[in-house]
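Asker: This is the structure, below, for whatever I ask next.
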2 protein chains.
Amino acid sequence: MAVKKPSIHDIAREAGVGVGTVSRVLNERPNVAEATRAKVEGVMERLGYRPTFAARHIRTGRSQLFGFLTDQVTTTPFAHDLIKGAQARARQADRMLMVIDADGDDRVREQAVSNLIERGVEGIVYAAMFHHEVHVPQALHEVPTVLVDCFTLERDFASVVPDEVRGGREATERLLEEGHRRIGMVTNDLLATKYPAAVGRLEGYRAALDAAGVAYDAELVREGLGNADSGYRFAHDLLDLDDPPTAFFFGTDRMAMGAYFAFAERGLRVPDDVSVVGFDDQHYIADALRPALTTMALPHSAMGRWAVDHLLTAPWGDDRLPLQRRLPCPIVERGSVGPVPASDAGEEP
Amino acid sequence: MAVKKPSIHDIAREAGVGVGTVSRVLNERPNVAEATRAKVEGVMERLGYRPTFAARHIRTGRSQLFGFLTDQVTTTPFAHDLIKGAQARARQADRMLMVIDADGDDRVREQAVSNLIERGVEGIVYAAMFHHEVHVPQALHEVPTVLVDCFTLERDFASVVPDEVRGGREATERLLEEGHRRIGMVTNDLLATKYPAAVGRLEGYRAALDAAGVAYDAELVREGLGNADSGYRFAHDLLDLDDPPTAFFFGTDRMAMGAYFAFAERGLRVPDDVSVVGFDDQHYIADALRPALTTMALPHSAMGRWAVDHLLTAPWGDDRLPLQRRLPCPIVERGSVGPVPASDAGEEP
């Protein structure tokens with residue numbers, strides 16, 4: 001199948017000229033006779049010659065490459081959306097992405113960054129798979145870098161992250177809009193205060209209640225682990241309260257999925273008996289639940305796009321202030337939110 | 001933050017030697033005095049000089065790059081596992097992957113392949129996100145190429161795919177082992193005969209029944225669309241039969257998930273009242289269901305690894321026979337398979 005690719009030497013021999021002449025044609029230099037240029041180009045076309053990019057890179061000093069480094073092994077499907085967003089923006093600017101999954105190993109990460117720099121990448125996107133603080137290879141300071149869904153303690157790189165607080169607020173507002181006042185919340189792991197996904201979404205929940213004049217009730221808030229089991233367990237717990245919630249806000253779609261099974265066991269219908277909003281917009285979960293889950297979308301594709309755009313357009317230098325850009329998490333309406341059930345509404349004083 | 005990178009000219013000036021001398025040091029040529037070499041290397045280290053890869057590429061003729069091209073936009077999380085497997089093997093061989101999501105657009109695909117070839121990739125992995133026939137850019141014939149989870153009508157490229165038939169057979173055998181004889185199956189979309197995932201898994205189901213001496217009953221087989229709704233609907237349908245199945249084999253985990261909701265509505269417990277095996281091993285679904293779902297794992301990481309390994313090790317030439325390698329889909333035992341319920345077992349003649 002594979003055919004031997006013609007080299008610049010083959011072209012020169014076939015055209016009866018020197019290699020230097022072929023090179024001048026390739027580099028579009030003026031000092032080549034028109035007839036010679038035509039002959040060389042004819043041979044190139046006939047032999048199917050493609051100039052190598054490495055030569056162009058050396059000539060122009062531009063690799064037209066960006067590095068895309070992920071910080072750890074992940075079973076979430078988010079990596080792909082991030083890559084896709086970054087790549088779409090890179091393609092518009094005629095750049096390619098070199099993607100490395102650094103596998104959570106510091107040494108591999110250091111090597112990956114070195115290798116990318118040796119290849120002359122014009123910038124690096126360093127992406128985490130959930131919003132948290134990271135330690136990055138120091139060599140990233142040698143090349144324009146944007147962090148995605150993460151940040152360093154020193155805030156010494158530009159970064160783009162989801163606006164967790166606003167997402168939590170809007171999720172809660174959606175339930176308040178329907179008249180719910182007893183809104184249970186199951187957060188992600190709060191112990192890890194490094195995780196803005198947990199702390200921020202809870203902060204947003206409280207802000208929405210405050211703004212609506214609903215007193216915060218600590219009894220309605222449980223700290224889960226993000227998985228289906230947490231959702232299942234704490235849905236049962238909250239429904240066992242004397243004055244149980246009529247609506248639930250879960251910090252992840254997986255917890256909402258677990259809760260659906262708790263509701264089914266109790267014969268509660270979503271959204272007639274209980275309303276639910278999730279977070280993350282994991283399609284195959286949110287679409288597959290019955291009814292499909294209303295949830296807040298993490299802006300993975302938008303973050304990937306923003307990161308590459310920033311590399312392409314931001315001025316770069318020692319005096320540049322690293323910024324953190326927060327992108328909104330838009331609500332995706334499906335079918336899990338409804339008004340307060342008549343029985344509960346009727347009981348209100 | 002970014003510092004100006006020193007060039008070979010900076011090194012030469014700082015070391016008080018010519019650029020040619022620096023180049024000879026870089027290329028580890030013998031004709032440099034030891035003292036000069038030490039001085040040049042000292043300056044390189046002090047200035048933090050990194051040789052560019054483009055120069056090495058031109059010198060050695062080896063890009064140490066593989067291209068990784070996906071054939072379409074996908075919302076499945078499989079892309080990441082494929083990339084991870086391919087990358088792990090590439091890294092062992094000191095190669096890097098250049099990943100392109102070709103977005104289902106023929107022109108973008110052609111351009112991507114051209115661009116990869118211009119960059120001198122040593123081979124290309126062309127990956128689909130589900131097992132089907134593909135049309136690929138003709139330029140792929142110019143470079144060693146392996147197709148993953150797909151194949152061309154002409155079978156003119158090596159490819160690696162899941163062993164769908166064996167997966168279907170082993171899923172069914174697992175249920176037969178527990179004494180089930182009425183085993184419902186909901187397939188993926190069979191109309192699309194191009195999709196071996198549908199046809200192959202059904203073939204495996206029939207082969208397992210044959211081998212166990214269980215007559216095939218067309219009434220027990222329904223054609224779904226792979227989504228949760230199909231699983232929900234056909235689980236209800238099959239349970240409405242006069243002699244309903246005691247076990248179900250679903251062609252996707254998403255269909256199994258839909259079926260769980262049907263079982264819950266009927267008060268049937270998994271696996272006490274009904275056993276279930278899925279297909280795909282989508283973790284966040286299979287792990288999150290209650291009980292967790294026993295399913296057949298698609299070998300995405302193994303396929304990615306096999307593809308790069310084949311590029312690295314297979315002899316390449318016109319006389320090479322393209323092969324199709326089928327990798328097994330191992331069963332992942334969770335909690336959804338149990339023995340035939342006593343009531344049903346007792347009814348057997």
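Numbering starts fresh at 1 for the residues of each chain in the structure tokens, the chains themselves are lettered A, B, ... in the order given, and ligands are numbered from 1 as they appear.
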Tell me, as a ChimeraX atom specification, which residues lie within 9 Å of A:Tyr216, counting only C-alpha atoms; anything in the same chain fewer than 6 positions away does not count.
Answerer: /A:206,209-210
Asker: Which residues are close to stretch 173-185 of chain A, i.e. within 9 Å by only C-alpha atoms, leaving aside same-chain residues fewer than 3 positions away? Reply as an MDAnalysis selection string.
Answerer: chainID A and resid 168:170 202 205 208:209 212 214 217 219:223 235 238 243:251 275:277 331 337:340 345
Asker: Produce a file of the selected residues containing C-alpha atoms, as a PDB file, in the first residue's frame.
Answerer:
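Produced file part.pdb, reproduced below:
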```
ATOM      1  CA  GLY A 168     -25.546  26.735  41.959  1.00  0.00           C
ATOM      2  CA  ARG A 169     -27.554  29.926  42.233  1.00  0.00           C
ATOM      3  CA  GLU A 170     -29.363  29.443  38.937  1.00  0.00           C
ATOM      4  CA  LEU A 202     -23.388  25.342  47.827  1.00  0.00           C
ATOM      5  CA  TYR A 205     -27.604  27.623  46.648  1.00  0.00           C
ATOM      6  CA  ALA A 208     -30.398  32.083  45.833  1.00  0.00           C
ATOM      7  CA  LEU A 209     -32.282  31.272  49.058  1.00  0.00           C
ATOM      8  CA  ALA A 212     -35.662  34.870  47.747  1.00  0.00           C
ATOM      9  CA  VAL A 214     -35.965  31.762  52.314  1.00  0.00           C
ATOM     10  CA  ASP A 217     -31.885  25.281  56.920  1.00  0.00           C
ATOM     11  CA  GLU A 219     -30.904  20.146  58.021  1.00  0.00           C
ATOM     12  CA  LEU A 220     -31.732  20.209  54.308  1.00  0.00           C
ATOM     13  CA  VAL A 221     -28.095  20.062  53.207  1.00  0.00           C
ATOM     14  CA  ARG A 222     -26.108  16.835  53.089  1.00  0.00           C
ATOM     15  CA  GLU A 223     -22.542  16.254  52.002  1.00  0.00           C
ATOM     16  CA  ALA A 235     -32.531  11.365  49.138  1.00  0.00           C
ATOM     17  CA  LEU A 238     -34.026  13.973  53.503  1.00  0.00           C
ATOM     18  CA  ASP A 243     -40.882  18.390  56.922  1.00  0.00           C
ATOM     19  CA  PRO A 244     -39.209  16.850  53.864  1.00  0.00           C
ATOM     20  CA  PRO A 245     -38.131  18.820  50.798  1.00  0.00           C
ATOM     21  CA  THR A 246     -40.390  19.069  47.737  1.00  0.00           C
ATOM     22  CA  ALA A 247     -37.372  19.656  45.507  1.00  0.00           C
ATOM     23  CA  PHE A 248     -33.742  18.557  45.329  1.00  0.00           C
ATOM     24  CA  PHE A 249     -30.596  20.101  43.954  1.00  0.00           C
ATOM     25  CA  PHE A 250     -27.798  17.566  43.470  1.00  0.00           C
ATOM     26  CA  GLY A 251     -24.169  18.579  42.981  1.00  0.00           C
ATOM     27  CA  SER A 275     -38.575  18.134  41.505  1.00  0.00           C
ATOM     28  CA  VAL A 276     -34.905  17.567  40.730  1.00  0.00           C
ATOM     29  CA  VAL A 277     -32.049  19.609  39.278  1.00  0.00           C
ATOM     30  CA  ILE A 331     -29.326  25.221  32.553  1.00  0.00           C
ATOM     31  CA  VAL A 337     -38.785  20.222  37.445  1.00  0.00           C
ATOM     32  CA  GLY A 338     -42.427  21.016  38.197  1.00  0.00           C
ATOM     33  CA  PRO A 339     -44.514  23.076  40.609  1.00  0.00           C
ATOM     34  CA  VAL A 340     -44.862  22.289  44.298  1.00  0.00           C
ATOM     35  CA  ALA A 345     -48.587  23.906  48.730  1.00  0.00           C
TER      36      ALA A 345
END
```
Asker: Which parts of stretch 158-335 of chain B does DSSP call strand (DSSP E or B) when run on the backbone here, written out as an MDAnalysis selection string?
Answerer: chainID B and resid 158:162 183:187 221:223 247:250 275:280 294:297 324:327 331:332
Asker: Which residues come within 10 Å of B:Leu190, counting only C-alpha atoms, excluding same-chain residues fewer than 6 positions away, as a ChimeraX atom specification?
Answerer: /B:196-200,202,222-225
Asker: Run DSSP on the backbone and tell me which residues of stretch 132-292 of chain B come out as alpha helix (DSSP H); list them as an mmCIF file with N, CA and C atoms, in the first residue's frame.
Answerer:
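For reference, out30.cif as written:
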```cif
data_model
loop_
_atom_site.group_PDB
_atom_site.id
_atom_site.type_symbol
_atom_site.label_atom_id
_atom_site.label_comp_id
_atom_site.auth_asym_id
_atom_site.auth_seq_id
_atom_site.Cartn_x
_atom_site.Cartn_y
_atom_site.Cartn_z
ATOM 1 N N GLU B 164 -17.629 -8.850 18.457
ATOM 2 C CA GLU B 164 -19.033 -8.679 18.854
ATOM 3 C C GLU B 164 -19.723 -10.030 19.050
ATOM 4 N N VAL B 165 -19.420 -10.993 18.161
ATOM 5 C CA VAL B 165 -20.090 -12.295 18.219
ATOM 6 C C VAL B 165 -19.726 -13.004 19.520
ATOM 7 N N ARG B 166 -18.425 -13.034 19.786
ATOM 8 C CA ARG B 166 -17.978 -13.684 21.010
ATOM 9 C C ARG B 166 -18.536 -12.984 22.249
ATOM 10 N N GLY B 167 -18.590 -11.650 22.206
ATOM 11 C CA GLY B 167 -19.163 -10.900 23.332
ATOM 12 C C GLY B 167 -20.615 -11.279 23.557
ATOM 13 N N GLY B 168 -21.382 -11.334 22.475
ATOM 14 C CA GLY B 168 -22.795 -11.716 22.587
ATOM 15 C C GLY B 168 -22.947 -13.132 23.115
ATOM 16 N N ARG B 169 -22.051 -14.018 22.668
ATOM 17 C CA ARG B 169 -22.141 -15.416 23.107
ATOM 18 C C ARG B 169 -21.830 -15.516 24.607
ATOM 19 N N GLU B 170 -20.772 -14.833 25.026
ATOM 20 C CA GLU B 170 -20.385 -14.942 26.435
ATOM 21 C C GLU B 170 -21.404 -14.287 27.372
ATOM 22 N N ALA B 171 -22.021 -13.208 26.920
ATOM 23 C CA ALA B 171 -23.073 -12.574 27.724
ATOM 24 C C ALA B 171 -24.212 -13.564 27.947
ATOM 25 N N THR B 172 -24.598 -14.241 26.867
ATOM 26 C CA THR B 172 -25.721 -15.177 26.939
ATOM 27 C C THR B 172 -25.341 -16.411 27.768
ATOM 28 N N GLU B 173 -24.113 -16.880 27.571
ATOM 29 C CA GLU B 173 -23.631 -18.039 28.348
ATOM 30 C C GLU B 173 -23.681 -17.763 29.853
ATOM 31 N N ARG B 174 -23.362 -16.516 30.223
ATOM 32 C CA ARG B 174 -23.377 -16.163 31.649
ATOM 33 C C ARG B 174 -24.773 -16.371 32.229
ATOM 34 N N LEU B 175 -25.800 -16.055 31.443
ATOM 35 C CA LEU B 175 -27.184 -16.212 31.910
ATOM 36 C C LEU B 175 -27.600 -17.684 31.876
ATOM 37 N N LEU B 176 -27.165 -18.410 30.834
ATOM 38 C CA LEU B 176 -27.473 -19.847 30.739
ATOM 39 C C LEU B 176 -26.878 -20.603 31.926
ATOM 40 N N GLU B 177 -25.645 -20.224 32.288
ATOM 41 C CA GLU B 177 -24.954 -20.818 33.441
ATOM 42 C C GLU B 177 -25.807 -20.812 34.704
ATOM 43 N N PRO B 196 -21.930 -4.087 12.832
ATOM 44 C CA PRO B 196 -21.666 -5.408 13.413
ATOM 45 C C PRO B 196 -22.017 -5.470 14.899
ATOM 46 N N ALA B 197 -22.084 -4.315 15.571
ATOM 47 C CA ALA B 197 -22.427 -4.329 16.991
ATOM 48 C C ALA B 197 -23.825 -4.910 17.179
ATOM 49 N N ALA B 198 -24.726 -4.640 16.257
ATOM 50 C CA ALA B 198 -26.086 -5.167 16.366
ATOM 51 C C ALA B 198 -26.142 -6.617 15.894
ATOM 52 N N VAL B 199 -25.697 -6.846 14.666
ATOM 53 C CA VAL B 199 -25.791 -8.165 14.048
ATOM 54 C C VAL B 199 -24.929 -9.184 14.798
ATOM 55 N N GLY B 200 -23.703 -8.799 15.146
ATOM 56 C CA GLY B 200 -22.768 -9.724 15.785
ATOM 57 C C GLY B 200 -23.228 -10.163 17.166
ATOM 58 N N ARG B 201 -23.746 -9.216 17.944
ATOM 59 C CA ARG B 201 -24.157 -9.582 19.303
ATOM 60 C C ARG B 201 -25.347 -10.537 19.261
ATOM 61 N N LEU B 202 -26.249 -10.315 18.300
ATOM 62 C CA LEU B 202 -27.394 -11.219 18.138
ATOM 63 C C LEU B 202 -26.919 -12.602 17.690
ATOM 64 N N GLU B 203 -25.972 -12.613 16.773
ATOM 65 C CA GLU B 203 -25.419 -13.892 16.306
ATOM 66 C C GLU B 203 -24.815 -14.669 17.477
ATOM 67 N N GLY B 204 -24.106 -13.955 18.344
ATOM 68 C CA GLY B 204 -23.517 -14.604 19.514
ATOM 69 C C GLY B 204 -24.589 -15.154 20.450
ATOM 70 N N TYR B 205 -25.666 -14.396 20.632
ATOM 71 C CA TYR B 205 -26.802 -14.836 21.462
ATOM 72 C C TYR B 205 -27.362 -16.154 20.927
ATOM 73 N N ARG B 206 -27.561 -16.221 19.593
ATOM 74 C CA ARG B 206 -28.118 -17.444 18.988
ATOM 75 C C ARG B 206 -27.144 -18.607 19.129
ATOM 76 N N ALA B 207 -25.861 -18.326 18.929
ATOM 77 C CA ALA B 207 -24.858 -19.392 19.020
ATOM 78 C C ALA B 207 -24.829 -19.992 20.424
ATOM 79 N N ALA B 208 -24.950 -19.143 21.444
ATOM 80 C CA ALA B 208 -24.930 -19.638 22.825
ATOM 81 C C ALA B 208 -26.158 -20.506 23.099
ATOM 82 N N LEU B 209 -27.320 -20.058 22.627
ATOM 83 C CA LEU B 209 -28.539 -20.848 22.825
ATOM 84 C C LEU B 209 -28.406 -22.205 22.138
ATOM 85 N N ASP B 210 -27.954 -22.192 20.877
ATOM 86 C CA ASP B 210 -27.752 -23.433 20.114
ATOM 87 C C ASP B 210 -26.867 -24.401 20.887
ATOM 88 N N ALA B 211 -25.725 -23.858 21.339
ATOM 89 C CA ALA B 211 -24.763 -24.725 22.022
ATOM 90 C C ALA B 211 -25.355 -25.324 23.295
ATOM 91 N N ALA B 228 -32.091 4.497 26.136
ATOM 92 C CA ALA B 228 -32.791 4.062 27.349
ATOM 93 C C ALA B 228 -34.272 3.793 27.077
ATOM 94 N N ASP B 229 -34.875 4.599 26.225
ATOM 95 C CA ASP B 229 -36.291 4.413 25.902
ATOM 96 C C ASP B 229 -36.575 3.023 25.329
ATOM 97 N N SER B 230 -35.718 2.565 24.409
ATOM 98 C CA SER B 230 -35.906 1.237 23.822
ATOM 99 C C SER B 230 -35.874 0.165 24.896
ATOM 100 N N GLY B 231 -34.941 0.288 25.819
ATOM 101 C CA GLY B 231 -34.814 -0.719 26.865
ATOM 102 C C GLY B 231 -36.057 -0.739 27.740
ATOM 103 N N TYR B 232 -36.531 0.459 28.087
ATOM 104 C CA TYR B 232 -37.719 0.596 28.926
ATOM 105 C C TYR B 232 -38.931 -0.048 28.244
ATOM 106 N N ARG B 233 -39.138 0.328 26.980
ATOM 107 C CA ARG B 233 -40.313 -0.118 26.234
ATOM 108 C C ARG B 233 -40.295 -1.628 26.018
ATOM 109 N N PHE B 234 -39.162 -2.167 25.560
ATOM 110 C CA PHE B 234 -39.133 -3.592 25.212
ATOM 111 C C PHE B 234 -39.043 -4.481 26.458
ATOM 112 N N ALA B 235 -38.526 -3.954 27.555
ATOM 113 C CA ALA B 235 -38.575 -4.729 28.803
ATOM 114 C C ALA B 235 -40.041 -4.939 29.185
ATOM 115 N N HIS B 236 -40.823 -3.865 29.121
ATOM 116 C CA HIS B 236 -42.260 -3.992 29.399
ATOM 117 C C HIS B 236 -42.909 -4.991 28.427
ATOM 118 N N ASP B 237 -42.646 -4.841 27.129
ATOM 119 C CA ASP B 237 -43.221 -5.735 26.110
ATOM 120 C C ASP B 237 -42.930 -7.199 26.418
ATOM 121 N N LEU B 238 -41.671 -7.473 26.691
ATOM 122 C CA LEU B 238 -41.268 -8.873 26.896
ATOM 123 C C LEU B 238 -41.874 -9.431 28.183
ATOM 124 N N LEU B 239 -42.013 -8.560 29.191
ATOM 125 C CA LEU B 239 -42.602 -9.020 30.453
ATOM 126 C C LEU B 239 -44.105 -9.244 30.321
ATOM 127 N N ASP B 253 -25.662 -0.728 27.461
ATOM 128 C CA ASP B 253 -25.931 -0.421 28.872
ATOM 129 C C ASP B 253 -27.067 0.585 29.007
ATOM 130 N N ARG B 254 -27.164 1.487 28.022
ATOM 131 C CA ARG B 254 -28.238 2.484 28.108
ATOM 132 C C ARG B 254 -29.615 1.823 28.040
ATOM 133 N N MET B 255 -29.743 0.796 27.196
ATOM 134 C CA MET B 255 -31.022 0.080 27.151
ATOM 135 C C MET B 255 -31.268 -0.653 28.468
ATOM 136 N N ALA B 256 -30.215 -1.223 29.041
ATOM 137 C CA ALA B 256 -30.365 -1.899 30.340
ATOM 138 C C ALA B 256 -30.844 -0.901 31.390
ATOM 139 N N MET B 257 -30.304 0.319 31.331
ATOM 140 C CA MET B 257 -30.698 1.354 32.288
ATOM 141 C C MET B 257 -32.192 1.667 32.166
ATOM 142 N N GLY B 258 -32.670 1.814 30.942
ATOM 143 C CA GLY B 258 -34.102 2.050 30.736
ATOM 144 C C GLY B 258 -34.924 0.901 31.307
ATOM 145 N N ALA B 259 -34.441 -0.321 31.103
ATOM 146 C CA ALA B 259 -35.166 -1.495 31.583
ATOM 147 C C ALA B 259 -35.268 -1.512 33.111
ATOM 148 N N TYR B 260 -34.212 -1.048 33.792
ATOM 149 C CA TYR B 260 -34.264 -1.002 35.259
ATOM 150 C C TYR B 260 -35.495 -0.210 35.724
ATOM 151 N N PHE B 261 -35.799 0.886 34.995
ATOM 152 C CA PHE B 261 -36.963 1.680 35.398
ATOM 153 C C PHE B 261 -38.258 0.904 35.149
ATOM 154 N N ALA B 262 -38.297 0.111 34.062
ATOM 155 C CA ALA B 262 -39.472 -0.735 33.819
ATOM 156 C C ALA B 262 -39.619 -1.772 34.934
ATOM 157 N N PHE B 263 -38.496 -2.384 35.324
ATOM 158 C CA PHE B 263 -38.548 -3.387 36.393
ATOM 159 C C PHE B 263 -39.051 -2.744 37.694
ATOM 160 N N ALA B 264 -38.521 -1.538 38.001
ATOM 161 C CA ALA B 264 -38.916 -0.852 39.233
ATOM 162 C C ALA B 264 -40.424 -0.590 39.225
ATOM 163 N N GLU B 265 -40.962 -0.184 38.080
ATOM 164 C CA GLU B 265 -42.401 0.081 37.987
ATOM 165 C C GLU B 265 -43.229 -1.168 38.253
ATOM 166 N N HIS B 283 -19.041 3.016 32.463
ATOM 167 C CA HIS B 283 -18.889 2.952 33.921
ATOM 168 C C HIS B 283 -19.956 3.700 34.713
ATOM 169 N N TYR B 284 -20.134 4.970 34.368
ATOM 170 C CA TYR B 284 -21.020 5.834 35.171
ATOM 171 C C TYR B 284 -22.454 5.368 35.090
ATOM 172 N N ILE B 285 -22.803 4.577 34.074
ATOM 173 C CA ILE B 285 -24.118 3.949 34.079
ATOM 174 C C ILE B 285 -24.042 2.629 34.840
ATOM 175 N N ALA B 286 -23.132 1.766 34.425
ATOM 176 C CA ALA B 286 -23.091 0.410 34.968
ATOM 177 C C ALA B 286 -22.829 0.420 36.472
#
```
Asker: Find the spatial neighbours of A:Asp309, counting only C-alpha atoms, within a cut-off of 12 Å - ignore same-chain residues fewer than 2 positions away - and output them as JSON, numbers by chain.
Answerer: {"A": [66, 85, 86, 87, 88, 89, 90, 91, 92, 93, 95, 123, 124, 125, 144, 145, 146, 160, 302, 303, 304, 305, 306, 307, 311, 312, 313, 314, 315]}
Asker: Kindly export the residues of the current selection with N, CA and C atoms, as a compact mmCIF listing (two decimals), in the first residue's frame.
Answerer:
```txt
# COMPACT_ATOMS: atom_id res chain seq x y z
N PHE A 66 -0.17 23.59 19.02
CA PHE A 66 -0.40 23.82 20.44
C PHE A 66 -0.35 22.49 21.16
N GLY A 85 -13.45 21.41 21.77
CA GLY A 85 -13.56 22.86 21.80
C GLY A 85 -12.23 23.52 21.47
N ALA A 86 -11.17 22.99 22.08
CA ALA A 86 -9.83 23.56 21.85
C ALA A 86 -9.46 23.39 20.38
N GLN A 87 -9.78 22.22 19.85
CA GLN A 87 -9.37 21.94 18.49
C GLN A 87 -10.13 22.77 17.46
N ALA A 88 -11.41 22.99 17.73
CA ALA A 88 -12.20 23.78 16.79
C ALA A 88 -11.58 25.18 16.64
N ARG A 89 -11.18 25.77 17.79
CA ARG A 89 -10.60 27.12 17.73
C ARG A 89 -9.22 27.08 17.07
N ALA A 90 -8.45 26.03 17.36
CA ALA A 90 -7.12 25.91 16.78
C ALA A 90 -7.23 25.77 15.26
N ARG A 91 -8.20 24.99 14.82
CA ARG A 91 -8.34 24.75 13.38
C ARG A 91 -8.66 26.05 12.64
N GLN A 92 -9.50 26.89 13.26
CA GLN A 92 -9.81 28.19 12.65
C GLN A 92 -8.53 28.98 12.40
N ALA A 93 -7.55 28.80 13.28
CA ALA A 93 -6.31 29.58 13.18
C ALA A 93 -5.21 28.77 12.52
N ARG A 95 -3.92 25.93 13.24
CA ARG A 95 -3.00 25.27 14.17
C ARG A 95 -3.47 23.85 14.41
N GLY A 123 2.04 27.29 22.36
CA GLY A 123 1.35 27.46 23.63
C GLY A 123 0.86 26.11 24.12
N ILE A 124 0.51 26.07 25.40
CA ILE A 124 0.04 24.81 26.00
C ILE A 124 -1.26 25.05 26.76
N VAL A 125 -2.23 24.17 26.50
CA VAL A 125 -3.45 24.13 27.30
C VAL A 125 -3.27 22.99 28.31
N PRO A 144 3.71 30.18 26.55
CA PRO A 144 2.36 30.64 26.90
C PRO A 144 1.49 29.45 27.31
N THR A 145 0.82 29.57 28.46
CA THR A 145 0.05 28.46 29.00
C THR A 145 -1.28 28.96 29.55
N VAL A 146 -2.34 28.21 29.31
CA VAL A 146 -3.62 28.50 29.92
C VAL A 146 -4.09 27.24 30.64
N VAL A 160 -9.24 29.21 32.94
CA VAL A 160 -10.67 29.31 32.63
C VAL A 160 -11.37 28.16 33.36
N ALA A 302 -16.68 25.07 25.61
CA ALA A 302 -16.42 26.52 25.64
C ALA A 302 -15.09 26.82 26.35
N MET A 303 -14.78 26.07 27.39
CA MET A 303 -13.50 26.31 28.09
C MET A 303 -12.32 25.95 27.18
N GLY A 304 -12.43 24.84 26.46
CA GLY A 304 -11.36 24.46 25.54
C GLY A 304 -11.14 25.52 24.48
N ARG A 305 -12.25 26.03 23.95
CA ARG A 305 -12.19 27.07 22.92
C ARG A 305 -11.59 28.35 23.48
N TRP A 306 -12.04 28.74 24.68
CA TRP A 306 -11.53 29.98 25.28
C TRP A 306 -10.02 29.89 25.50
N ALA A 307 -9.57 28.73 25.96
CA ALA A 307 -8.15 28.57 26.27
C ALA A 307 -7.29 28.79 25.02
N LEU A 311 -4.63 31.86 24.03
CA LEU A 311 -3.25 31.66 23.58
C LEU A 311 -3.00 32.41 22.27
N LEU A 312 -4.01 32.44 21.42
CA LEU A 312 -3.85 33.07 20.10
C LEU A 312 -3.88 34.58 20.17
N THR A 313 -4.62 35.13 21.12
CA THR A 313 -4.91 36.57 21.04
C THR A 313 -4.32 37.40 22.18
N ALA A 314 -4.01 36.78 23.32
CA ALA A 314 -3.56 37.60 24.45
C ALA A 314 -2.13 38.05 24.23
N PRO A 315 -1.82 39.28 24.59
CA PRO A 315 -0.42 39.70 24.55
C PRO A 315 0.32 38.88 25.59
```
